[in-house]
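Student: Quick one: the structure is below, and I'll ask about it shortly.
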Amino acid sequence: MSKWLALPLVLMLVFLTGCQAVGGFDVNKALQKSLEVQSSESRQKVSVEVVPADNVSAEDKEIIDLINSISLTVDHAKIKDASTMSLKGSIGFSGEELPYHISMDATSMAIQVEGAQQPLYISLEDSSDYLDLEQYNEQVQEFGVKAAGFLLKHMPNPSTISVKKVQEKVNEETLSLTHLHAEIRGDELVKLAKPLLTNVAKDEAGLKELIGAFYDAMYPMLSAQLGTDAFDEEPASSKEFVVAAMYGVVKEALDEILKDYDQQAAALFEESPELSTVLGKDTVLTTDLYFDGDLNTRKQNMELTVAIPQGEGVPVKAFKVSSEAEMWNIGGAVAVDQVDLSAGKLDLADEEITPGQILRNFEPGSIIYKLLKDEMQITSKYVLIGYPGDYYEVIKKNGTSFVPLRYMSAELDAEIKWNKETKTITIIDDITQAEIVLTVGSSQAKVAGQAAALSEPAFIHTDGKTYVPLRFISEALGAKVHVDEDGWITVTRD
């Protein structure tokens, strides 16, 4: 697994596993190194399991089964540096496999999935006047590693933790590795929090050093954003002053928490009894990490089970997340696999992009097309218009409700072309690309080349807007019109 993808799991380890030396092995140092971004290659699989409640309904069971069918497989991840990487793998759901290829650098991300005519493209460059944080990545990462190391230093060991030498295969190569196994339950985590806070409160030098590292990471960014003049006045711009002031605030807060920690914890569980389940014996994190002689993580297995409080209408008893990964070529030369953009791309940052444009980028029979259209329903619409006589956009004329053409076309993402000389309007359906042609003052129209009659002709109102029959334009664009007993009008498209 790439360290980019592994980071959330490693951070969980930082807070949930012990950090003291075990069997002569420096757990603190090994876990801290896991947070460092190095060039590497890896593979990983992540799966989710939702455990249904005893009397779950058929409808909820169907949803749970769908969730349980989802998996993420990374067949080959390549990390060049903190911002340059590529991933090849597949997403599984409902027995289907959707292959993907992702590449990313400091400026953009490109995603190619099976069935796409053009890769999806997301620009990561900020064209606004806001601060560009990219140049400060290194300082922020260094602070993150120091913060993790500080917490690891003071975190007591869980009751179940062991270290032993093993032989394991990584990328078909048998290696001699150090196996770190740790387990922690939710109720144990609550007990570990107090000694952690106690240890942190006692470490004045370490806490001040951490605050200083935070200052070093944040001050350049704030100076660039606000200007150096904002920090010119002494002693506010002095690092020593800031560290001393922040230490005083943090220390006072820690002392206040620890003063009656047990009573506050008991009160919290009394006020929120569901915490006894979430942070109880059935919530368990199990981790297995395998380190080489340089303390590089070479394999990583994790399973997290979180118990869910039961009650009326709760369909879930627990959920589990499992991950298996292995890494190689750590610190070596890595060339990422770039997604090919030479034949064009679909820019998702384009504010004018429509659901139809996105859908047309995929083959109709492809998995991603069915997922977007049927499961995610990206083309569905719900428009509440109001009722005639009360909503200014609706005009009642000879028993027909009219709406501004551009208003309803925009709501349904349709494109409009206007011929001023003939007063002919061509409306292009966003989903089907079918053309709807009508003329101001005429009751005759065409929908996808077929003649159609309007109950009343389109007209240009005194406000300068072109109005068309609401039901005609809605149905021609694949939507349905519903008028409730109070006169409220809704336009929906599945």
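Lettering and numbering for the structure tokens are positional, with chains as A, B, ... in the shown order, residues counted from 1 in each chain, and ligands counted from 1 in the shown order.
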What's the 6 Å shell around stretch 175-181 of chain A, counting only C-alpha atoms, without same-chain residues fewer than 4 positions away, as a ChimeraX atom specification?

Tutor: /A:161-168,287-292

Student: Next, dump the selected residues to file, keeping only N, CA and C atoms, as a compact mmCIF listing (two decimals), in the first residue's frame.

Tutor:
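part.txt was written with the following content:
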# COMPACT_ATOMS: atom_id res chain seq x y z
N ILE A 161 0.40 -6.71 23.26
CA ILE A 161 1.38 -6.22 22.30
C ILE A 161 2.59 -7.17 22.36
N SER A 162 3.10 -7.53 21.20
CA SER A 162 4.23 -8.47 21.17
C SER A 162 5.09 -8.20 19.95
N VAL A 163 6.33 -8.63 20.03
CA VAL A 163 7.29 -8.47 18.93
C VAL A 163 8.05 -9.78 18.78
N LYS A 164 8.21 -10.22 17.52
CA LYS A 164 9.01 -11.43 17.27
C LYS A 164 9.59 -11.38 15.86
N LYS A 165 10.67 -12.13 15.66
CA LYS A 165 11.31 -12.23 14.35
C LYS A 165 10.58 -13.28 13.51
N VAL A 166 10.33 -12.95 12.23
CA VAL A 166 9.61 -13.87 11.35
C VAL A 166 10.21 -13.83 9.95
N GLN A 167 9.88 -14.81 9.15
CA GLN A 167 10.19 -14.85 7.73
C GLN A 167 8.88 -14.61 6.97
N GLU A 168 8.85 -13.60 6.13
CA GLU A 168 7.63 -13.26 5.39
C GLU A 168 7.96 -12.95 3.94
N THR A 287 -3.79 -4.99 14.86
CA THR A 287 -2.81 -4.59 13.86
C THR A 287 -1.62 -5.54 13.86
N ASP A 288 -1.11 -5.77 12.66
CA ASP A 288 0.11 -6.55 12.49
C ASP A 288 1.01 -5.79 11.52
N LEU A 289 2.13 -5.31 12.03
CA LEU A 289 3.09 -4.57 11.21
C LEU A 289 4.39 -5.36 11.13
N TYR A 290 4.99 -5.32 9.94
CA TYR A 290 6.24 -6.06 9.72
C TYR A 290 7.30 -5.07 9.25
N PHE A 291 8.41 -4.96 10.02
CA PHE A 291 9.45 -3.99 9.74
C PHE A 291 10.74 -4.69 9.32
N ASP A 292 11.48 -4.05 8.39
CA ASP A 292 12.78 -4.59 8.03
C ASP A 292 13.85 -4.01 8.96

Student: Could you pull out the helix (DSSP H, G or I) residues of stretch 204-368 of chain A, going by DSSP on the backbone, and write them as a count of residues only?

Tutor: 71

Student: Here is a test: counting only C-alpha atoms, which residue of A:Lys208, A:Lys370, A:Lys153, A:Lys61 is nearest to A:Val242?

Tutor: A:Lys208

Student: Once you count only C-alpha atoms, what closest atom pair and distance in Å to one decimal does each residue of stretch 97-207 of chain A within 7 Å of stretch 356-362 of chain A have, with rows by chain and rising residue number, as CSV?

Tutor:
residue,atom,partner,partner_atom,distance
A:Gly115,CA,A:Phe362,CA,5.3
A:Ala116,CA,A:Phe362,CA,4.4
A:Gln117,CA,A:Asn361,CA,5.4
A:Gln118,CA,A:Asn361,CA,6.5

Student: Go ahead and dump the residues you just picked, all heavy atoms, as a tab-separated table (two decimals), in the first residue's frame.

Tutor:
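And here is the file that came out, again_2.tsv:
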chain	number	residue	atom	x	y	z
A	115	GLY	N	-14.31	2.03	-19.52
A	115	GLY	CA	-15.56	2.53	-20.08
A	115	GLY	C	-15.56	4.02	-20.33
A	115	GLY	O	-16.49	4.54	-20.95
A	116	ALA	N	-14.52	4.74	-19.88
A	116	ALA	CA	-14.45	6.18	-20.08
A	116	ALA	C	-13.81	6.50	-21.43
A	116	ALA	O	-12.79	5.92	-21.79
A	116	ALA	CB	-13.67	6.85	-18.97
A	117	GLN	N	-14.40	7.42	-22.17
A	117	GLN	CA	-13.82	7.84	-23.43
A	117	GLN	C	-12.63	8.76	-23.20
A	117	GLN	O	-11.66	8.72	-23.95
A	117	GLN	CB	-14.89	8.53	-24.29
A	117	GLN	CG	-16.07	7.62	-24.63
A	117	GLN	CD	-17.17	8.36	-25.37
A	117	GLN	OE1	-16.92	9.35	-26.04
A	117	GLN	NE2	-18.40	7.88	-25.23
A	118	GLN	N	-12.73	9.60	-22.18
A	118	GLN	CA	-11.64	10.49	-21.82
A	118	GLN	C	-11.40	10.41	-20.31
A	118	GLN	O	-12.35	10.23	-19.53
A	118	GLN	CB	-11.94	11.94	-22.21
A	118	GLN	CG	-12.02	12.19	-23.71
A	118	GLN	CD	-12.24	13.65	-24.03
A	118	GLN	OE1	-12.83	14.40	-23.25
A	118	GLN	NE2	-11.76	14.09	-25.18
